[in-house]
Every structure is written in structure tokens, then in C-alpha cells.
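Trainee: Take this structure, written in C-alpha cells, and hold onto it; I'll ask about it next.
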Amino acid sequence: MSSAGASTIAVPLYRAAHGRTGDKGNRSNISVIAWHPDLYPVLLAQVTEAAVARHFAHRRPSRVQRYELPLLAALNFVLDDVLDGGVNDALNLDTHGKALSFWLLDLPIQVPVSLVALLAGPEPTDF
Amino acid sequence: MSTTASPSLLIGCAAGFSGDRVDAAGPVVDTLIARGGPAFLIFETLAERTLALAQLRRRADPDAGFEPLLDDLLRPVLARCLQHNIRIVSNFGAANPLAAARHIRKMARELGLPAPRIAVVGGDDLSGAPHRPLLRAQLGAAIDQIQLVSANAYIGAEAIAAALDAGAHIVVAGRVADPSLTVGPAMSHFGWRADDWDRLARATMAGHLLECGAQVCGGYFADPGYKEVPELHAVGYPIAEISGDGHCIIGKAAHTGGLVNLASVKEQLLYEVHDPAAYLTPDVVADISAAQLELLVPDRVALTGVRGHARPASLKVNVCHEGGWLAEGEISYAGPRAEARARLAAEVLRQRLPGLTLRVDLIGALSIMGDDAGSLLAATVAGDARDVRLRVAATHADRAQAERLPREVTALYCCGPAGGGGVRTALTPRLNTLSCLVPREAVPVHFEMLDSLQEVA
């Protein structure tokens, strides 16, 4: 496990958050929901529109918008034009883009050591 | 457990899409009966593509075009629902709500039940010639250049509520917005006005939590090691307990698997939502930016803090049209250099199929995360995956052109790289979609009681 400094560790986003993808037309939305409210500020600081746009660069989003839901400790991302036309037009097996939440949940983030106890799941061996 | 004097309204959902499990309704109905009090059962069985397919079936047979699984969904619970005054609301009418209603009347007769009052909600279907100028005004000349299959407005809860007010036991609709299946019963039960925005918004979000069936109860949620779901094979379907202010407690059918917790409800609350402050439906603009969830006891989560704003002036219309042909082919490679052989096979197909733009997937190495243009695949260094299924797909307006793809994939048996096996091919007619907004007043929403027509005021 790499470490950017003594006070944080690098983990995949899925240890700090869970989420689900929805689709309407050529637009995908992906929720990113903190496993614990204390992890929400970490998401807020690092899972930015720019970081998400970079992570989905190969899908060429025309716009990435982030909505904040502090009372739910959740973010909602809306990615425009990432579904190759959407459910009836794309050639992908997954025309809905149902799997995209798991692509996002693989995003590397830095979590303060003090919050490590709040992370979900075992440490992955292949990260 | 609530008493029979509970002022709340129970709404159970027994289907979240066309193709959902047909054995879901039983435990939901059992739970509604056991809890007593006013209750509704809803089935949500429509998606963008479902309606167009239903329209095609109706063209072939004027008595078809409703949910093909209607019988399997409803027959097992119809008698108990009618006997216990659990009223039924659904969009399983699809492209032919009238035929669905007649089918249900026949079903009741066959079951030896007294004839139920069945209402048919209509007006959503804008595929007929008289509506063409309306669509042309929004979509322009595009509407004249397509082979139109279906055109449906997403209509709201008012006609459902009016039909229930008029005494319907069963309301059969086509393309009503999914949450409206819940808002209609709540409006009728509590006597809400159609501009009571906060209450309508709260019931809308209750409907939103219900509309995908098991998805709020641990379905489409499990992730081993992270999100464990007990007895997923027997996942239960949801029941919302809606109070007079519109807010709800979401739970699930008794004696079923699955779970309802903060995580499962949050995922469904945000599912297919864009701006949380403006979730647009025909009934209201719902605002969940200040929504809160509380786990009351296991499998019971309360939703509060939802607000509403005036409904949009227009309704969304989806137009489905013929979209040529989808051609697909697959072949597998395994063992040493499997990925290299699959990549070579893709290259062979590209050279053999000029004029078709191929999407290439290497299932087992990189497939659904990629894009149709193949930029992720191109940017990924060839690996040494040892069990790879090559999939190629292309679309073409002309069937003969599309058919070249399955032929060339099949020819890989003798002409492609070594060791390819398990060819499967498919050629499928495509349906593409356009959408637009039309003025609400232009959509002639109404209901009829199977025999007598009544317009919504």
C-alpha cells in the first residue's frame, strides 16, 4: 500500500463509498455515497468534477456535473454523452452503462490515517 | 406492527420492469393483508424500449401490445387483492391498456371472482397521424424521415387518482411516469389537490423508491465483502407506508430475503436522478437536496425533508423508430496467447468488413468499460489474457450489409487464427429513440371504466 505522506493512505474509492449508476438517454448518473459521514469531506475534496472527467476521459463526457447531498453524505455525478447514444443506440453489451459505477469506485483516493477504521471491506491485494 | 386503525396508506410494489420476477407479488400481498388498513399494489413494467416492442406486437395482433407477463404477474394474487380491497395500479397496459383491461376482466371471470371495476388510462399514445403536427413542431423534419414505431408522453397521476375516486378496483395505464403509479393512489386516498407540491413531491419520492421493485430492498446491491445481502435468492419487494403529509417509511414484504437499510435506500433514492433539487415528473418537481433518512428498526427506513415545486408546463415524449439492424458475433480463444489470437481475429474482421464500423470487445480482457469507438481498447497495452471471448458488433440500415458481420465471424472457424471456438451470432432489428417536450395541454389524458368513457376535468 503506497502512501503519499505519513498522515494518509491511498485506497480505492470503493473502500470509502458505494454507489449505483442510472441512465436516461445518453446521460449517466453515478451516486457516490460515503460509508460514514466522516468520510464525506474526503469525497468532497477529492472526488471532484475534474477527477471524474479525467477518470472517464475515454468516454469523452461533454460535461460532468457534481451535486452535493451533505445530509446523505453523498455526491451525485451526472455525465453527459458518455453512453454512445444510450440504451437503444450503443453497441456496447452494457448499453445502459450499468457497470460505470464500479469503474468510478476504482478511483484512487487518499484517506487520512485517522479515518482508516471507517473504511469498508478488506485491503485489496491488487491495488 | 401497525393496527388496522393506522392512518397511513400502504403501497406495495411487485414488479420493477418488464421481465421482473413473477413470484414477487405473493409475499407483498400477504404482508399488506396481515397489516390491514388501506393498501394498494403496483406493478411497474415499462421502459423506453418496452413500449416500442409492445407497439410492434399490437401491429401484428390488435388484441396484443400489453405486458406479455400480465397473466403470470397478476393471476396468482388477483383474488386475494379483490377480496381484501387491495386496489391495483399499473402501467402494464403498455401499448394497449384497453386489451389488458379486457384480459383482466376475463381472468377474474375464469377465477370465479365478481367482476372488478377496471379503469383504463389513455392519452399517452401520440403515435397516430393526428398527433404528427404536434411532434413535428418539436422535432422538426426529423419526424418525417423516420419509420415511427411508438410515441408516448409520460403522463402523470391525475387520471389514476380520478379513476380511483370513481371507484376503480384496478387501474390499467400505459406510459405514465413510474412514480405516478404511487402518487395517484396517495392523491386519491388522502384527497390531495394536484397543486399540493410538497405532498406530491414526497409521494413521488416514495414512488421513486418503489418503482424498481427489489432495488431498494437489497436487489442490485450485493457486493461480497462490502455489501452483504441475506438470502438474495429470495429478495423481497418493497412496501411504502405513506403518511398524510406524503412522507414515507420504506420497508419490505415479510418473510423474504434482502434488506432495507440506509445504504440500500440511498442508492435507490439517487438512482436516475440528475439535479437532486429538481427531479422532474409530470406531477411535480421534487427536491431531495435536504432529504434525510433514518433507520427506525431493521428493514424500516424513514424518508423526510422532501420538498416540492410547481410541475413542469410540458410533458416528455419518447419517440421510438426503426433503426436498421444490429449485427453481433462472438468467438472464444483460450490458453497461451489467447488474447493475441483474439486481437488478430478482430483485425481480420476489420479488413474483411469495409463499410461496417465495428465495435470490438475482448471479453475477459476489456469489454463493457470501453467505448464504441474503441479508444480505451486502443489505449490499453495488449495483455496475455488466457480466456478471451471476442465480440464484435455493428449496425447498418440495410439488412444485407449487416448480415456480412455474422458470416465473417462464422468464417473465422476455418479462416481465422488458430483455436477459435464457440461462435454465436445474432441479427436483431433495432429501435432508436428521440425525445422532446410537448405542452401539457396538447396531450389528451383521460380514463374510461372499460365500458363508459369519462374525460378528466
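Simple scheme: letters A, B, ... for chains in C-alpha cells order, numbers from 1 for residues in each chain, numbers from 1 for ligands in the order shown.
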Quick check: residues of chain B within 8 Å of chain A, only C-alpha atoms, returned as a PyMOL selection string.
Mentor: chain B and resi 49+225-226+263+266-268+270-276+289-293+359+368-372+375-376+393-395+430-433
Trainee: With C-alpha atoms retained, write the just-selected residues as a compact mmCIF listing (two decimals), in the first residue's frame.
Mentor:
# COMPACT_ATOMS: atom_id res chain seq x y z
CA ARG B 49 -37.73 0.06 -25.31
CA GLY B 225 -17.15 -8.32 1.31
CA TYR B 226 -18.65 -4.85 1.10
CA ALA B 263 -27.19 2.30 2.10
CA LYS B 266 -29.65 6.00 -0.59
CA GLU B 267 -28.62 4.12 -3.74
CA GLN B 268 -32.20 3.91 -4.91
CA LEU B 270 -30.35 8.81 -6.19
CA TYR B 271 -30.95 6.27 -8.96
CA GLU B 272 -31.58 8.03 -12.28
CA VAL B 273 -31.66 11.40 -10.52
CA HIS B 274 -29.79 14.31 -12.06
CA ASP B 275 -30.18 17.57 -10.11
CA PRO B 276 -31.38 16.46 -6.65
CA SER B 289 -31.50 18.32 -1.64
CA ALA B 290 -32.50 18.44 2.04
CA ALA B 291 -33.85 14.90 2.28
CA GLN B 292 -32.94 12.81 5.29
CA LEU B 293 -33.09 9.11 6.02
CA ARG B 359 -17.17 -2.25 -32.03
CA ILE B 368 -18.04 -3.21 -21.33
CA MET B 369 -15.87 -0.49 -19.78
CA GLY B 370 -14.75 0.51 -23.27
CA ASP B 371 -16.41 2.87 -25.73
CA ASP B 372 -17.91 2.11 -29.13
CA SER B 375 -10.39 4.40 -27.74
CA LEU B 376 -9.95 2.63 -24.40
CA ALA B 393 -20.94 -5.52 -33.16
CA ALA B 394 -22.05 -3.15 -35.88
CA THR B 395 -25.21 -1.52 -37.06
CA ARG B 430 -33.01 -2.02 -33.84
CA LEU B 431 -35.22 0.62 -32.33
CA ASN B 432 -33.78 4.08 -31.85
CA THR B 433 -35.26 6.88 -29.80
Trainee: Excluding region 397-408 of chain B and any residue of its chain fewer than 5 positions from it, enumerate the residues within 8 Å of it, using only C-alpha atoms, and give them as a PyMOL selection string.
Mentor: chain B and resi 323-329+349+352-353+356+425-427
Trainee: DSSP on the backbone: what in region 240-437 of chain B comes out helix (DSSP H, G or I), as an mmCIF file with N, CA and C atoms, in the first residue's frame?
Mentor:
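Result file result.cif:
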data_model
loop_
_atom_site.group_PDB
_atom_site.id
_atom_site.type_symbol
_atom_site.label_atom_id
_atom_site.label_comp_id
_atom_site.auth_asym_id
_atom_site.auth_seq_id
_atom_site.Cartn_x
_atom_site.Cartn_y
_atom_site.Cartn_z
ATOM 1 N N LEU B 262 -29.898 2.087 5.329
ATOM 2 C CA LEU B 262 -29.594 3.425 4.811
ATOM 3 C C LEU B 262 -28.884 3.337 3.461
ATOM 4 N N ALA B 263 -27.966 2.396 3.343
ATOM 5 C CA ALA B 263 -27.189 2.296 2.099
ATOM 6 C C ALA B 263 -28.077 1.895 0.924
ATOM 7 N N SER B 264 -28.964 0.918 1.148
ATOM 8 C CA SER B 264 -29.808 0.460 0.032
ATOM 9 C C SER B 264 -30.787 1.549 -0.390
ATOM 10 N N VAL B 265 -31.283 2.300 0.586
ATOM 11 C CA VAL B 265 -32.251 3.350 0.254
ATOM 12 C C VAL B 265 -31.561 4.546 -0.410
ATOM 13 N N LYS B 266 -30.367 4.882 0.054
ATOM 14 C CA LYS B 266 -29.648 5.997 -0.593
ATOM 15 C C LYS B 266 -29.362 5.679 -2.060
ATOM 16 N N GLU B 267 -28.921 4.462 -2.334
ATOM 17 C CA GLU B 267 -28.618 4.120 -3.736
ATOM 18 C C GLU B 267 -29.859 4.261 -4.605
ATOM 19 N N GLN B 268 -30.993 3.835 -4.093
ATOM 20 C CA GLN B 268 -32.202 3.915 -4.912
ATOM 21 C C GLN B 268 -32.745 5.336 -4.969
ATOM 22 N N LEU B 269 -32.583 6.085 -3.876
ATOM 23 C CA LEU B 269 -33.065 7.474 -3.862
ATOM 24 C C LEU B 269 -32.388 8.287 -4.970
ATOM 25 N N ALA B 338 -3.972 -16.421 -26.053
ATOM 26 C CA ALA B 338 -5.399 -16.296 -26.399
ATOM 27 C C ALA B 338 -5.734 -14.856 -26.772
ATOM 28 N N GLU B 339 -5.268 -13.899 -25.972
ATOM 29 C CA GLU B 339 -5.609 -12.501 -26.265
ATOM 30 C C GLU B 339 -5.028 -12.066 -27.604
ATOM 31 N N ALA B 340 -3.812 -12.476 -27.888
ATOM 32 C CA ALA B 340 -3.183 -12.109 -29.168
ATOM 33 C C ALA B 340 -3.973 -12.685 -30.335
ATOM 34 N N ARG B 341 -4.461 -13.908 -30.188
ATOM 35 C CA ARG B 341 -5.235 -14.511 -31.271
ATOM 36 C C ARG B 341 -6.593 -13.819 -31.426
ATOM 37 N N ALA B 342 -7.198 -13.437 -30.308
ATOM 38 C CA ALA B 342 -8.477 -12.713 -30.382
ATOM 39 C C ALA B 342 -8.290 -11.353 -31.044
ATOM 40 N N ARG B 343 -7.189 -10.673 -30.697
ATOM 41 C CA ARG B 343 -6.918 -9.369 -31.319
ATOM 42 C C ARG B 343 -6.662 -9.536 -32.828
ATOM 43 N N LEU B 344 -5.976 -10.599 -33.203
ATOM 44 C CA LEU B 344 -5.734 -10.848 -34.623
ATOM 45 C C LEU B 344 -7.058 -11.130 -35.353
ATOM 46 N N ALA B 345 -7.934 -11.867 -34.700
ATOM 47 C CA ALA B 345 -9.241 -12.154 -35.310
ATOM 48 C C ALA B 345 -10.015 -10.853 -35.541
ATOM 49 N N ALA B 346 -9.932 -9.940 -34.585
ATOM 50 C CA ALA B 346 -10.611 -8.646 -34.746
ATOM 51 C C ALA B 346 -10.041 -7.901 -35.950
ATOM 52 N N GLU B 347 -8.718 -7.974 -36.100
ATOM 53 C CA GLU B 347 -8.077 -7.290 -37.221
ATOM 54 C C GLU B 347 -8.531 -7.900 -38.551
ATOM 55 N N VAL B 348 -8.638 -9.216 -38.589
ATOM 56 C CA VAL B 348 -9.135 -9.899 -39.798
ATOM 57 C C VAL B 348 -10.542 -9.391 -40.143
ATOM 58 N N LEU B 349 -11.398 -9.300 -39.124
ATOM 59 C CA LEU B 349 -12.777 -8.847 -39.366
ATOM 60 C C LEU B 349 -12.795 -7.413 -39.880
ATOM 61 N N ARG B 350 -11.941 -6.573 -39.314
ATOM 62 C CA ARG B 350 -11.897 -5.176 -39.784
ATOM 63 C C ARG B 350 -11.542 -5.123 -41.269
ATOM 64 N N GLN B 351 -10.591 -5.935 -41.656
ATOM 65 C CA GLN B 351 -10.163 -5.910 -43.071
ATOM 66 C C GLN B 351 -11.217 -6.532 -43.989
ATOM 67 N N ARG B 352 -11.952 -7.492 -43.472
ATOM 68 C CA ARG B 352 -12.952 -8.185 -44.291
ATOM 69 C C ARG B 352 -14.267 -7.410 -44.394
ATOM 70 N N SER B 375 -11.559 3.638 -28.172
ATOM 71 C CA SER B 375 -10.389 4.403 -27.745
ATOM 72 C C SER B 375 -9.744 3.815 -26.490
ATOM 73 N N LEU B 376 -10.550 3.230 -25.592
ATOM 74 C CA LEU B 376 -9.950 2.626 -24.399
ATOM 75 C C LEU B 376 -9.172 1.363 -24.787
ATOM 76 N N LEU B 377 -9.750 0.586 -25.687
ATOM 77 C CA LEU B 377 -9.067 -0.630 -26.134
ATOM 78 C C LEU B 377 -7.750 -0.268 -26.831
ATOM 79 N N ALA B 378 -7.805 0.778 -27.658
ATOM 80 C CA ALA B 378 -6.595 1.195 -28.385
ATOM 81 C C ALA B 378 -5.518 1.682 -27.420
ATOM 82 N N ALA B 379 -5.965 2.271 -26.297
ATOM 83 C CA ALA B 379 -5.008 2.826 -25.336
ATOM 84 C C ALA B 379 -4.519 1.780 -24.349
ATOM 85 N N ARG B 399 -30.200 -4.552 -44.182
ATOM 86 C CA ARG B 399 -30.044 -5.886 -43.602
ATOM 87 C C ARG B 399 -28.921 -6.688 -44.269
ATOM 88 N N ALA B 400 -28.833 -6.590 -45.588
ATOM 89 C CA ALA B 400 -27.816 -7.364 -46.312
ATOM 90 C C ALA B 400 -26.411 -6.948 -45.884
ATOM 91 N N GLN B 401 -26.222 -5.675 -45.677
ATOM 92 C CA GLN B 401 -24.914 -5.195 -45.212
ATOM 93 C C GLN B 401 -24.625 -5.694 -43.797
ATOM 94 N N ALA B 402 -25.628 -5.618 -42.937
ATOM 95 C CA ALA B 402 -25.441 -6.053 -41.546
ATOM 96 C C ALA B 402 -25.119 -7.542 -41.482
ATOM 97 N N GLU B 403 -25.723 -8.325 -42.377
ATOM 98 C CA GLU B 403 -25.528 -9.785 -42.361
ATOM 99 C C GLU B 403 -24.094 -10.206 -42.687
ATOM 100 N N ARG B 404 -23.324 -9.299 -43.279
ATOM 101 C CA ARG B 404 -21.932 -9.649 -43.589
ATOM 102 C C ARG B 404 -21.164 -9.964 -42.304
ATOM 103 N N LEU B 405 -21.531 -9.283 -41.208
ATOM 104 C CA LEU B 405 -20.773 -9.485 -39.964
ATOM 105 C C LEU B 405 -20.912 -10.897 -39.403
ATOM 106 N N PRO B 406 -22.129 -11.398 -39.194
ATOM 107 C CA PRO B 406 -22.213 -12.777 -38.687
ATOM 108 C C PRO B 406 -21.556 -13.791 -39.621
ATOM 109 N N ARG B 407 -21.632 -13.557 -40.919
ATOM 110 C CA ARG B 407 -20.999 -14.508 -41.847
ATOM 111 C C ARG B 407 -19.490 -14.537 -41.659
ATOM 112 N N GLU B 408 -18.899 -13.336 -41.528
ATOM 113 C CA GLU B 408 -17.437 -13.289 -41.393
ATOM 114 C C GLU B 408 -16.982 -13.849 -40.041
ATOM 115 N N VAL B 409 -17.780 -13.641 -38.992
ATOM 116 C CA VAL B 409 -17.407 -14.213 -37.697
ATOM 117 C C VAL B 409 -17.458 -15.734 -37.788
ATOM 118 N N THR B 410 -18.480 -16.260 -38.445
ATOM 119 C CA THR B 410 -18.581 -17.714 -38.603
ATOM 120 C C THR B 410 -17.395 -18.254 -39.408
ATOM 121 N N ALA B 411 -16.977 -17.494 -40.428
ATOM 122 C CA ALA B 411 -15.870 -17.942 -41.289
ATOM 123 C C ALA B 411 -14.544 -18.013 -40.530
ATOM 124 N N LEU B 412 -14.468 -17.380 -39.350
ATOM 125 C CA LEU B 412 -13.229 -17.450 -38.558
ATOM 126 C C LEU B 412 -12.910 -18.888 -38.164
ATOM 127 N N TYR B 413 -13.931 -19.743 -38.158
ATOM 128 C CA TYR B 413 -13.686 -21.152 -37.819
ATOM 129 C C TYR B 413 -12.551 -21.725 -38.679
ATOM 130 N N CYS B 414 -12.629 -21.505 -39.996
ATOM 131 C CA CYS B 414 -11.629 -22.113 -40.885
ATOM 132 C C CYS B 414 -10.574 -21.125 -41.362
ATOM 133 N N CYS B 415 -10.921 -19.811 -41.328
ATOM 134 C CA CYS B 415 -10.036 -18.823 -41.943
ATOM 135 C C CYS B 415 -9.347 -17.913 -40.935
#
Trainee: Against region 77-81 of chain B, which residues of region 111-160 of chain B fall within 12 Å? For each one I want the closest pair of atoms and the distance in Å (one decimal), counting only C-alpha atoms, rows by chain and increasing residue number, as a Markdown table.
Mentor:
| residue | atom | partner | partner_atom | distance |
| --- | --- | --- | --- | --- |
| B:Leu111 | CA | B:Ala79 | CA | 7.4 |
| B:Gly112 | CA | B:Ala79 | CA | 8.9 |
| B:Leu113 | CA | B:Ala79 | CA | 6.8 |
| B:Pro114 | CA | B:Ala79 | CA | 9.5 |
| B:Ala115 | CA | B:Ala79 | CA | 10.9 |
| B:Pro116 | CA | B:Leu78 | CA | 10.0 |
Trainee: Could you jot down the CA of Arg311 (chain B) to CA of His446 (chain B) separation for me, Å, one decimal place?
Mentor: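 Distance between the two atoms: 18.7 Å.
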Trainee: Which residues of region 149-240 of chain B come within 6 Å of region 119-134 of chain B, and what is each one's closest atom pair and distance in Å (one decimal), counting only C-alpha atoms, sorted by chain and residue number, as CSV?
Mentor:
residue,atom,partner,partner_atom,distance
B:Ser150,CA,B:Ser127,CA,5.3
B:Ala151,CA,B:Ser127,CA,4.7
B:Asn152,CA,B:Asp125,CA,4.6
B:Ala153,CA,B:Asp124,CA,4.8
B:Ala168,CA,B:Ala119,CA,5.8
B:Val171,CA,B:Ala119,CA,4.7
B:Val172,CA,B:Val120,CA,4.9
B:Ala173,CA,B:Val121,CA,4.7
B:Arg175,CA,B:Asp124,CA,6.0
Trainee: Have a look at B:Cys320, B:Asp20, B:Gly383, B:His309 and name the one nearest to Ala54 (chain B); count only C-alpha atoms.
Mentor: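 Result for the nearest residue to Ala54 (chain B): B:Cys320.
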Trainee: Using only C-alpha atoms, which protein or nucleic acid residues come within 12 Å of Gln145 (chain B)? Drop anything in the same chain fewer than 6 positions from it, and give the result as a ChimeraX atom specification.
Mentor: /B:136,139,321-323
Trainee: Mind dumping the selected residues with N, CA and C atoms as a tab-separated table (two decimals), in the first residue's frame?
Mentor:
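Okay, result19.tsv is ready:
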chain	number	residue	atom	x	y	z
B	136	ARG	N	-44.01	17.17	-35.00
B	136	ARG	CA	-43.22	17.89	-35.98
B	136	ARG	C	-42.84	19.27	-35.46
B	139	LEU	N	-39.87	18.31	-33.11
B	139	LEU	CA	-38.72	17.56	-33.63
B	139	LEU	C	-38.33	18.00	-35.04
B	321	HIS	N	-38.22	4.67	-33.15
B	321	HIS	CA	-38.32	4.46	-34.59
B	321	HIS	C	-37.38	3.35	-35.02
B	322	GLU	N	-37.69	2.82	-36.21
B	322	GLU	CA	-36.86	1.72	-36.71
B	322	GLU	C	-35.45	2.23	-36.93
B	323	GLY	N	-34.49	1.41	-36.49
B	323	GLY	CA	-33.10	1.86	-36.51
B	323	GLY	C	-32.19	0.90	-37.24
Trainee: Kindly indicate which residue among A:His96, A:Gln110, A:Leu115, A:Glu123 lies nearest to Thr8 (chain A), using only C-alpha atoms for the distances.
Mentor: A:Gln110
Trainee: Could you list, as a list in words, every residue within 9 Å of Ile363 (chain B), counting only C-alpha atoms and ignoring same-chain residues fewer than 3 positions away?
Mentor: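 Counting only C-alpha atoms, the residues come to Ser332, Leu366, Ser367, Ile368, Asp387, Val388, Arg389, Leu390 and Arg391 of chain B.
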